[in-house]
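Enquirer: Following this message is one structure expressed as structure tokens.
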Protein chains: 2
Amino acid sequence: MPESRSIWLRRERSGRGPTPEHGRDRIAAAAIDLADAGGLDAVSTRRVAAAIGAGATSLYRYVRSRDELLELMLDTATGELDLTAPVTGDWRGDLLVLAHDLRAVYRRHPWLLDLAQGQAPLTPRSVAFLEYALAILRDVQAPGGAKMEAIALATGLVAQLTRLEVAAGRSSADWQAAQVEYLTAIVAEGRHPNLSAAIAAPGGAGDGEDVLDRVLPRVVAGVLGIA
Amino acid sequence: MPESRSIWLRRERSGRGPTPEHGRDRIAAAAIDLADAGGLDAVSTRRVAAAIGAGATSLYRYVRSRDELLELMLDTATGELDLTAPVTGDWRGDLLVLAHDLRAVYRRHPWLLDLAQGQAPLTPRSVAFLEYALAILRDVQAPGGAKMEAIALATGLVAQLTRLEVAAGRSSADWQAAQVEYLTAIVAEGRHPNLSAAIAAPGGAGDGEDVLDRVLPRVVAGVLGIA
DNA sequence: CTACACTGCGAGCGCTGTACGCGGAAAAGG
DNA sequence: CCTTTTCCGCGTACAGCGCTCGCAGTGTAG
């Protein structure tokens with residue numbers, strides 16, 4: 001009987017032998033601290049091991065690969081979402097509340113934007129999130145696959161919005177300087193009138209209200225085929 | 001006078017000295033071939049160097065860092081977009097044509113989905129893309145910043161849709177098997193009725209028509225504040 | 001109490017991105 | 001023409017990465 005491929009189907013402690021000195025939650029917390037401070041690149045197996053006071057390669061007793069460590073982090077961070085609010089029946093409103101909460105988590109842990117880009121791996125808490133979002137859409141008339149796609153696109157939208165938001169702070173000053181330098185040259189060259197105009201124009205997007213509030217319901221309605 | 005920070009402001013050939021044996025385009029093409037075959041991880045400086053028949057570290061005569069190499073790749077791939085179609089005045093239609101073309105490029109080069117997730121770096125061809133998209137929106141009444149945001153969200157939407165699409169092929173069989181194994185256990189446990197129902201339900205999202213066609217105009221209209 | 005299964009860990013492998021300095025070649029200056 | 005300057009290609013080297021393996025020790029099951 002081969003050991004399960006998913007970490008969530010393996011017991012954390014397995015009876016026999018000495019008691020493990022660390023726990024998945026402590027490991028995930030240490031890794032998240034590193035990622036919050038220095039991005040995903042700062043999360044190396046050795047550094048996480050050092051952070052919990054373990055030997056260089058001892059982490060591999062708890063985790064099969066670095067990817068599984070990232071899965072642990074994703075699960076723990078997803079746990080910061082509040083899924084206790086009862087579903088009201090107004091799916092647009094409920095979904096917006098959830099989306100705002102998700103955006104707050106993304107802001108707190110920007111490395112999630114690098115992690116959850118594709119289809120997110122299934123973890124206990126990400127499954128709970130999915131279940132909750134589907135509960136919000138329970139009374140909406142649409143096939144299950146469409147709802148799943150709507151949720152994936154909605155979280156993708158929140159992620160993309162947050163990326164644009166935190167892009168300024170995440171990239172290095174040197175990188176930004178290079179971009180500005182090139183953009184200046186582009187505009188000075190004069191061959192891109194629309195771009196020049198767009199940059200010169202003052203405008204933020206919204207008149208103070210939130211783009212997320214305006215766009216997200218339309219995305220979901222669009223996917224689900226609701227007028 | 002310090003050398004420019006952006007590769008696009010540095011001449012490829014600089015008069016003095018021996019003629020370089022390679023060109024940026026050849027390097028980018030070789031790197032793209034590697035990425036198409038094995039993803040971004042397959043693009044290592046040594047491998048690209050070997051592919052063009054150069055010494056292990058000779059690439060650094062053409063590129064300051066691996067990130068600049070990725071910038072070269074992004075620029076070349078963006079060049080596959082067709083920006084020659086005249087703007088018709090129907091911005092929804094024109095934008096959809098452009099979005100479909102972008103999706104085709106993403107399908108051809110899935111590594112772009114890992115690369116262009118945040119704010120894309122400015123390159124000659126990505127700037128041309130921006131200029132073209134802004135030309136499509138020229139007659140739309142909205143501040144420049146809002147248009148930029150709309151374009152960023154639109155490309156993000158195309159990227160997310162393509163990610164969902166190619167997710168099946170990109171991840172390893174082992175990874176998928178692990179996900180399926182865990183999902184089966186989740187459903188069997190019975191604590192997630194909505195998720196179980198959604199999986200059991202047959203349904204794709206659209207009745208044959210394209211989700212992109214339905215959602216993208218709504219996103220753009222939502223950002224720009226158009227009813 | 002024995003035997004086994006499991007623990008933490010050090011050593012080590014192959015790979016990565018990148019800095020540095022060498023020898024030689026090509027173009028500029030006289 | 002020759003000299004000088006500037007750049008090219010590359011070999012070497014370094015720190016860090018994910019990960020494997022085997023050893024010594026420890027806790028639990030029988």
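Just so we're on the same page: first chain in the structure tokens is A, next is B, and so on; residues restart at 1 for each chain, and ligands are numbered from 1 in the order they show up.
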Output as a PyMOL selection string all residues of range 88-199 of chain A that backbone DSSP marks as helix (DSSP H, G or I).
Expert: chain A and resi 91-108+112-115+124-136+144-170+173-189+193-199
Enquirer: Report as a ChimeraX atom specification all protein, DNA and RNA residues lying within 10 Å of range 12-28 of chain D, evaluated on only C-alpha atoms (C1' of nucleotides), omitting residues in the same chain fewer than 2 positions from it.
Expert: /A:15-19,44-46,57,60,64-66 /C:4-21 /D:10,30
Enquirer: Under the rule that only C-alpha atoms (C1' of nucleotides) are counted, which of B:Leu59, B:Leu164, B:Leu195, B:Ile27 is the nearest residue to chain C?
Expert: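 Of all the options, B:Leu59 lies closest to chain C.
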Enquirer: Which polymer residues have any atom within 9 Å of an atom of range 144-159 of chain A, counting only C-alpha atoms (C1' of nucleotides), with same-chain residues fewer than 2 positions away left out, as a PyMOL selection string?
Expert: (chain A and resi 99-100+102-103+106+112-113+116-119+130+133-134+137+140+142+161-164+212+215-217+219-224) or (chain B and resi 153+156-157+160-161+164+194-195+197-206)
Enquirer: Just give me the gap between CA of Ile136 in chain A and CA of Asp90 in chain A in Å, one decimal is fine.
Expert: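 Separation of CA of Ile136 in chain A and CA of Asp90 in chain A: 8.0 Å.
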Enquirer: Separation of CA of Arg107 in chain A and CA of Leu81 in chain A, in Å?
Expert: 12.5 Å
Enquirer: Pull out every residue of chain D that has at least one atom within 12 Å of chain B, counting only C-alpha atoms (C1' of nucleotides), and report them as an MDAnalysis selection string.
Expert: chainID D and resid 5:12
